[in-house]
Amino acid sequence: MKIDNKKFNRIKKEIQEAKRILILSHRAPDGDAVGSSLALHTFLKRQKKKSVVFISQPPQFLKFLPGFDEIQRKPLFKNDNFDLIFALDYANKERLEKPQDFQLLSRKTITIDHHISGKRVGKIKIVDSKASSTTEVLYYFFKFQKTKIDKKLATLLLTGILTDTVGLSQSGQNHRTVEKIVGELAIAGGDLFKIMAAYQNFDFKRAKILAKFLERAESDEKLNLIYSYLLKSDFNGEKGLNLSEPPMFPDFLSSIGEAKVYITLIEQKDRIKVSLRSRNGINVAKIAKKFGGGGHKYAAGCKIKGDIFEVLKKIKKELKKNF
Ligand code: 5GP
Ligand code: MN
């Protein structure tokens with residue numbers, strides 16, 4: 001990312017003028033949503049600002065992260081309590097998780113993100129679709145601010161980078177840049193191993209669900225794709241399947257190295273959650289967008305109503321048309 005001094009300067013000023021700042025990110029938060037929220041929170045506190053991170057269901061595999069216990073889970077804040085709001089990593093307005101009855105006023109909001117497309121809010125928007133993660137964008141902002149990146153900040157920034165690149169295996173474009181930043185953050189004391197250990201660990205119950213998921217995988221050689229699905233009945237007894245905890249099913253499927261496109265379908269209460277993964281130049285964000293979703297070139301998703309196999313047919317048809 002070319003450091004955008006003008007925009008960074010405006011953000012710096014907004015922070016200076018604000019007293020109470022709220023940090024929001026997306027629903028079903030991942031390592032990047034939590035890592036970027038807590039990194040910004042840590043930075044703001046060091047600037048002597050009152051900062052609140054709101055995430056109603058932070059993924060438990062990240063509970064070792066510095067500041068995790070400070071996350072506010074209850075959605076009960078009033079608008080007037082804050083004079084500045086950061087909206088991070090959310091891609092599209094609808095995916096942003098807001099407190100109850102909260103009005104997201106554009107004049108108070110700053111967006112920091114790295115998704116290709118989507119409707120975003122705010123008087124200042126920094127969106128770098130070349131960045132591996134939202135924490136990478138924050139890394140540039142901290143550099144601009146000449147903030148000391150210590151062990152705590154380094155660990156939070158690394159969490160976004162490592163999880164959004166699926167453990168440094170799938171960064172979209174600039175591997176060299178990501179490697180350099182990761183190296184710098186590791187030297188600064190960032191807990192690379194701890195993050196990766198947490199990210200790759202899962203319990204027995206989920207291992208059994210993963211087994212079912214892999215068992216059902218099918219390959220469509222004509223379309224160069226691999227797909228699989230999970231039904232509500234597969235995770236009976238649980239309140240649903242928490243897709244924010246490891247293993248990340250769509251990423252697991254796409255580690256089978258024989259296809260160019262991977263489709264994961266997960267039956268939810270009233271719709272099917274579709275996760276798309278790809279490689280070799282195939283842009284699945286384009287497909288997801290056709291169904292009202294979005295994401296990145298090589299990792300995108302959407303939600304579609306209907307029967308799971310009908311949904312699969314629709315996606316395949318769209319893929320056929322495009323590739
Ligand atoms: P996943 O398949 O892991 O849920 O998501 C992969 C990527 O696609 C993420 O970067 C996420 O932001 C994006 N994505 C997934 N579902 C949706 C959706 O329903 N709408 C939008 N706009 N993006 C989505
Ligand atoms: Mn992200």
# chains A, B, ... in the order shown; residues from 1 in each chain; ligands from 1

call {"tool": "residues_near_ligand", "arguments": {"ligand": "ligand 1", "cutoff": "6 Å", "atoms": "only C-alpha atoms and all ligand atoms", "output": "ChimeraX atom specification"}}
result
/A:91-92,275-276,293-296,299-303

call {"tool": "residues_near_ligand", "arguments": {"ligand": "ligand 2", "cutoff": "6 Å", "atoms": "only C-alpha atoms and all ligand atoms", "output": "PDB file with N, CA and C atoms, in the first residue's frame"}}
result
ATOM      1  N   ASP A  32      -9.094 -11.339  11.684  1.00  0.00           N
ATOM      2  CA  ASP A  32      -8.780  -9.982  11.227  1.00  0.00           C
ATOM      3  C   ASP A  32      -9.703  -8.956  11.893  1.00  0.00           C
ATOM      4  N   ASP A  89     -13.010  -3.772   8.469  1.00  0.00           N
ATOM      5  CA  ASP A  89     -12.991  -5.110   7.854  1.00  0.00           C
ATOM      6  C   ASP A  89     -14.358  -5.670   7.472  1.00  0.00           C
ATOM      7  N   SER A 133      -4.914  -7.939   4.738  1.00  0.00           N
ATOM      8  CA  SER A 133      -5.830  -7.920   5.874  1.00  0.00           C
ATOM      9  C   SER A 133      -6.058  -6.475   6.295  1.00  0.00           C
ATOM     10  N   THR A 134      -7.059  -6.273   7.136  1.00  0.00           N
ATOM     11  CA  THR A 134      -7.265  -4.927   7.669  1.00  0.00           C
ATOM     12  C   THR A 134      -6.132  -4.567   8.636  1.00  0.00           C
ATOM     13  N   ASP A 164      -6.177 -14.189   7.862  1.00  0.00           N
ATOM     14  CA  ASP A 164      -6.735 -13.843   6.545  1.00  0.00           C
ATOM     15  C   ASP A 164      -5.942 -14.444   5.387  1.00  0.00           C
TER      16      ASP A 164
END

call {"tool": "closest_atom_pairs", "arguments": {"of": "segment 223-293 of chain A", "to": "segment 311-317 of chain A", "cutoff": "8 Å", "atoms": "only C-alpha atoms", "output": "tab-separated table"}}
result
residue	atom	partner	partner_atom	distance
A:Leu265	CA	A:Leu312	CA	7.7
A:Ile272	CA	A:Val311	CA	7.6
A:Ile287	CA	A:Ile315	CA	7.7

call {"tool": "atom_distance", "arguments": {"atom1": "atom CA of Phe252 of chain A", "atom2": "atom CA of Asp203 of chain A"}}
result
15.2 Å

call {"tool": "select_by_dssp", "arguments": {"residues": "segment 26-188 of chain A", "states": "strand (DSSP E or B)", "output": "list in words"}}
result
His26, Lys50, Ser51, Val52, Val53, Phe54, Gln72, Leu84, Ile85, Phe86, Ala87, Leu88, Leu96, Thr109, Ile110, Thr111, Ile112, Asp113, Ile124, Lys125, Ile126 and Val127 of chain A

call {"tool": "write_last_selection", "arguments": {"atoms": "N, CA and C atoms", "output": "compact mmCIF listing (two decimals), in the first residue's frame"}}
result
# COMPACT_ATOMS: atom_id res chain seq x y z
N HIS A 26 -17.19 -6.74 11.61
CA HIS A 26 -18.29 -7.48 10.98
C HIS A 26 -18.85 -8.62 11.82
N LYS A 50 -10.74 7.35 25.30
CA LYS A 50 -11.65 6.32 25.81
C LYS A 50 -12.12 5.54 24.59
N SER A 51 -11.80 4.26 24.55
CA SER A 51 -12.14 3.45 23.38
C SER A 51 -12.93 2.20 23.80
N VAL A 52 -13.96 1.89 23.01
CA VAL A 52 -14.77 0.72 23.29
C VAL A 52 -14.80 -0.17 22.04
N VAL A 53 -14.50 -1.46 22.22
CA VAL A 53 -14.63 -2.42 21.11
C VAL A 53 -15.91 -3.21 21.33
N PHE A 54 -16.80 -3.15 20.35
CA PHE A 54 -18.04 -3.94 20.45
C PHE A 54 -17.99 -5.14 19.50
N GLN A 72 -16.43 -5.47 24.62
CA GLN A 72 -17.79 -5.30 25.13
C GLN A 72 -18.73 -6.16 24.29
N LEU A 84 -16.72 9.52 17.76
CA LEU A 84 -16.08 8.95 16.57
C LEU A 84 -16.27 7.44 16.56
N ILE A 85 -16.51 6.90 15.34
CA ILE A 85 -16.72 5.45 15.21
C ILE A 85 -15.78 4.92 14.13
N PHE A 86 -15.08 3.84 14.44
CA PHE A 86 -14.30 3.15 13.41
C PHE A 86 -15.06 1.90 12.98
N ALA A 87 -15.18 1.70 11.68
CA ALA A 87 -15.82 0.50 11.14
C ALA A 87 -14.75 -0.27 10.37
N LEU A 88 -14.45 -1.48 10.83
CA LEU A 88 -13.29 -2.21 10.31
C LEU A 88 -13.66 -3.51 9.60
N LEU A 96 -21.85 -5.15 8.83
CA LEU A 96 -21.31 -4.48 10.02
C LEU A 96 -22.17 -4.80 11.23
N THR A 109 -18.16 8.54 11.13
CA THR A 109 -17.57 7.20 10.92
C THR A 109 -16.34 7.21 10.02
N ILE A 110 -15.37 6.38 10.36
CA ILE A 110 -14.19 6.16 9.52
C ILE A 110 -14.12 4.67 9.20
N THR A 111 -14.02 4.36 7.90
CA THR A 111 -13.92 2.96 7.48
C THR A 111 -12.47 2.60 7.17
N ILE A 112 -12.04 1.46 7.69
CA ILE A 112 -10.74 0.91 7.28
C ILE A 112 -10.99 -0.55 6.88
N ASP A 113 -10.61 -0.89 5.64
CA ASP A 113 -10.99 -2.20 5.10
C ASP A 113 -10.03 -2.63 4.00
N ILE A 124 -14.43 9.35 6.05
CA ILE A 124 -13.11 8.96 5.55
C ILE A 124 -13.15 7.44 5.36
N LYS A 125 -12.68 7.01 4.16
CA LYS A 125 -12.67 5.57 3.91
C LYS A 125 -11.29 5.20 3.39
N ILE A 126 -10.64 4.30 4.09
CA ILE A 126 -9.39 3.77 3.57
C ILE A 126 -9.64 2.31 3.25
N VAL A 127 -9.63 1.99 1.96
CA VAL A 127 -9.86 0.62 1.53
C VAL A 127 -8.72 0.22 0.60

call {"tool": "atom_distance", "arguments": {"atom1": "atom CA of Gly122 of chain A", "atom2": "atom CA of Phe77 of chain A"}}
result
19.3 Å

call {"tool": "residues_around", "arguments": {"residues": "Lys143 of chain A", "least_positions_apart": "4", "cutoff": "12 Å", "atoms": "only C-alpha atoms", "output": "VMD selection string"}}
result
chain A and resid 2 to 5 8 43 136 to 139 147 to 149 181 184

call {"tool": "closest_residue", "arguments": {"among": "A:Ile282, A:Ile71, A:Leu44, A:Ile21", "to": "Gln145 of chain A", "atoms": "only C-alpha atoms"}}
result
A:Leu44

call {"tool": "atom_distance", "arguments": {"atom1": "atom CA of Phe61 of chain A", "atom2": "atom CA of Arg277 of chain A"}}
result
22.8 Å

call {"tool": "residues_around", "arguments": {"residues": "Ser56 of chain A", "least_positions_apart": "4", "cutoff": "9 Å", "atoms": "only C-alpha atoms", "output": "list in words"}}
result
Arg27, Ile71, Gln72, Arg73, Lys74, Pro75, Glu97 and Pro99 of chain A

call {"tool": "write_last_selection", "arguments": {"atoms": "N, CA and C atoms", "output": "PDB file, in the first residue's frame"}}
result
ATOM      1  N   ARG A  27     -20.071  -9.025  11.469  1.00  0.00           N
ATOM      2  CA  ARG A  27     -20.706 -10.181  12.109  1.00  0.00           C
ATOM      3  C   ARG A  27     -19.892 -11.436  11.820  1.00  0.00           C
ATOM      4  N   ILE A  71     -13.234  -6.622  25.435  1.00  0.00           N
ATOM      5  CA  ILE A  71     -14.266  -6.535  24.387  1.00  0.00           C
ATOM      6  C   ILE A  71     -15.644  -6.429  25.049  1.00  0.00           C
ATOM      7  N   GLN A  72     -16.433  -5.469  24.616  1.00  0.00           N
ATOM      8  CA  GLN A  72     -17.794  -5.302  25.132  1.00  0.00           C
ATOM      9  C   GLN A  72     -18.729  -6.164  24.294  1.00  0.00           C
ATOM     10  N   ARG A  73     -19.431  -7.065  24.945  1.00  0.00           N
ATOM     11  CA  ARG A  73     -20.307  -7.977  24.195  1.00  0.00           C
ATOM     12  C   ARG A  73     -21.757  -7.560  24.204  1.00  0.00           C
ATOM     13  N   LYS A  74     -22.151  -6.753  25.187  1.00  0.00           N
ATOM     14  CA  LYS A  74     -23.557  -6.365  25.287  1.00  0.00           C
ATOM     15  C   LYS A  74     -23.818  -5.193  24.341  1.00  0.00           C
ATOM     16  N   PRO A  75     -24.864  -5.314  23.531  1.00  0.00           N
ATOM     17  CA  PRO A  75     -25.087  -4.305  22.491  1.00  0.00           C
ATOM     18  C   PRO A  75     -25.784  -3.050  23.003  1.00  0.00           C
ATOM     19  N   GLU A  97     -21.538  -5.152  12.343  1.00  0.00           N
ATOM     20  CA  GLU A  97     -22.303  -5.448  13.555  1.00  0.00           C
ATOM     21  C   GLU A  97     -22.434  -4.177  14.391  1.00  0.00           C
ATOM     22  N   PRO A  99     -24.397  -1.936  17.684  1.00  0.00           N
ATOM     23  CA  PRO A  99     -25.186  -2.065  18.917  1.00  0.00           C
ATOM     24  C   PRO A  99     -26.669  -1.817  18.614  1.00  0.00           C
TER      25      PRO A  99
END

call {"tool": "residues_around", "arguments": {"residues": "Asp80 of chain A", "least_positions_apart": "3", "cutoff": "12 Å", "atoms": "only C-alpha atoms", "output": "compact mmCIF listing (two decimals) with C-alpha atoms, in the first residue's frame"}}
result
# COMPACT_ATOMS: atom_id res chain seq x y z
CA LYS A 19 -12.87 11.87 23.34
CA ARG A 20 -14.88 8.66 23.16
CA ILE A 21 -14.38 6.29 20.28
CA LEU A 22 -16.31 3.15 19.32
CA PHE A 77 -24.59 1.75 23.90
CA ASP A 83 -17.97 11.23 18.95
CA LEU A 84 -16.08 8.95 16.57
CA ILE A 85 -16.72 5.45 15.21
CA ASP A 101 -30.82 0.96 17.99
CA PHE A 102 -27.53 2.40 16.85
CA GLN A 103 -27.45 4.96 14.06
CA LEU A 104 -24.32 4.73 12.00
CA LEU A 105 -23.82 8.37 11.11
CA LYS A 108 -18.87 10.35 12.60

call {"tool": "residues_around", "arguments": {"residues": "Glu318 of chain A", "least_positions_apart": "6", "cutoff": "12 Å", "atoms": "only C-alpha atoms", "output": "count of residues only"}}
result
10

call {"tool": "residues_around", "arguments": {"residues": "Gly190 of chain A", "least_positions_apart": "4", "cutoff": "8 Å", "atoms": "only C-alpha atoms", "output": "PyMOL selection string"}}
result
chain A and resi 150-156+158+185-186

call {"tool": "closest_atom_pairs", "arguments": {"of": "segment 46-115 of chain A", "to": "segment 225-248 of chain A", "cutoff": "12 Å", "atoms": "only C-alpha atoms", "output": "JSON lines"}}
result
{"residue": "A:Gln57", "atom": "CA", "partner": "A:Ser244", "partner_atom": "CA", "distance": 9.2}
{"residue": "A:Pro58", "atom": "CA", "partner": "A:Ser244", "partner_atom": "CA", "distance": 8.4}
{"residue": "A:Pro59", "atom": "CA", "partner": "A:Ser244", "partner_atom": "CA", "distance": 5.9}
{"residue": "A:Gln60", "atom": "CA", "partner": "A:Glu245", "partner_atom": "CA", "distance": 7.1}
{"residue": "A:Phe61", "atom": "CA", "partner": "A:Glu245", "partner_atom": "CA", "distance": 6.4}
{"residue": "A:Leu62", "atom": "CA", "partner": "A:Glu245", "partner_atom": "CA", "distance": 9.0}
{"residue": "A:Lys63", "atom": "CA", "partner": "A:Glu245", "partner_atom": "CA", "distance": 11.4}

call {"tool": "closest_residue", "arguments": {"among": "A:Asn9, A:Asn79, A:Ser169, A:Ser129", "to": "Phe142 of chain A", "atoms": "only C-alpha atoms"}}
result
A:Asn9
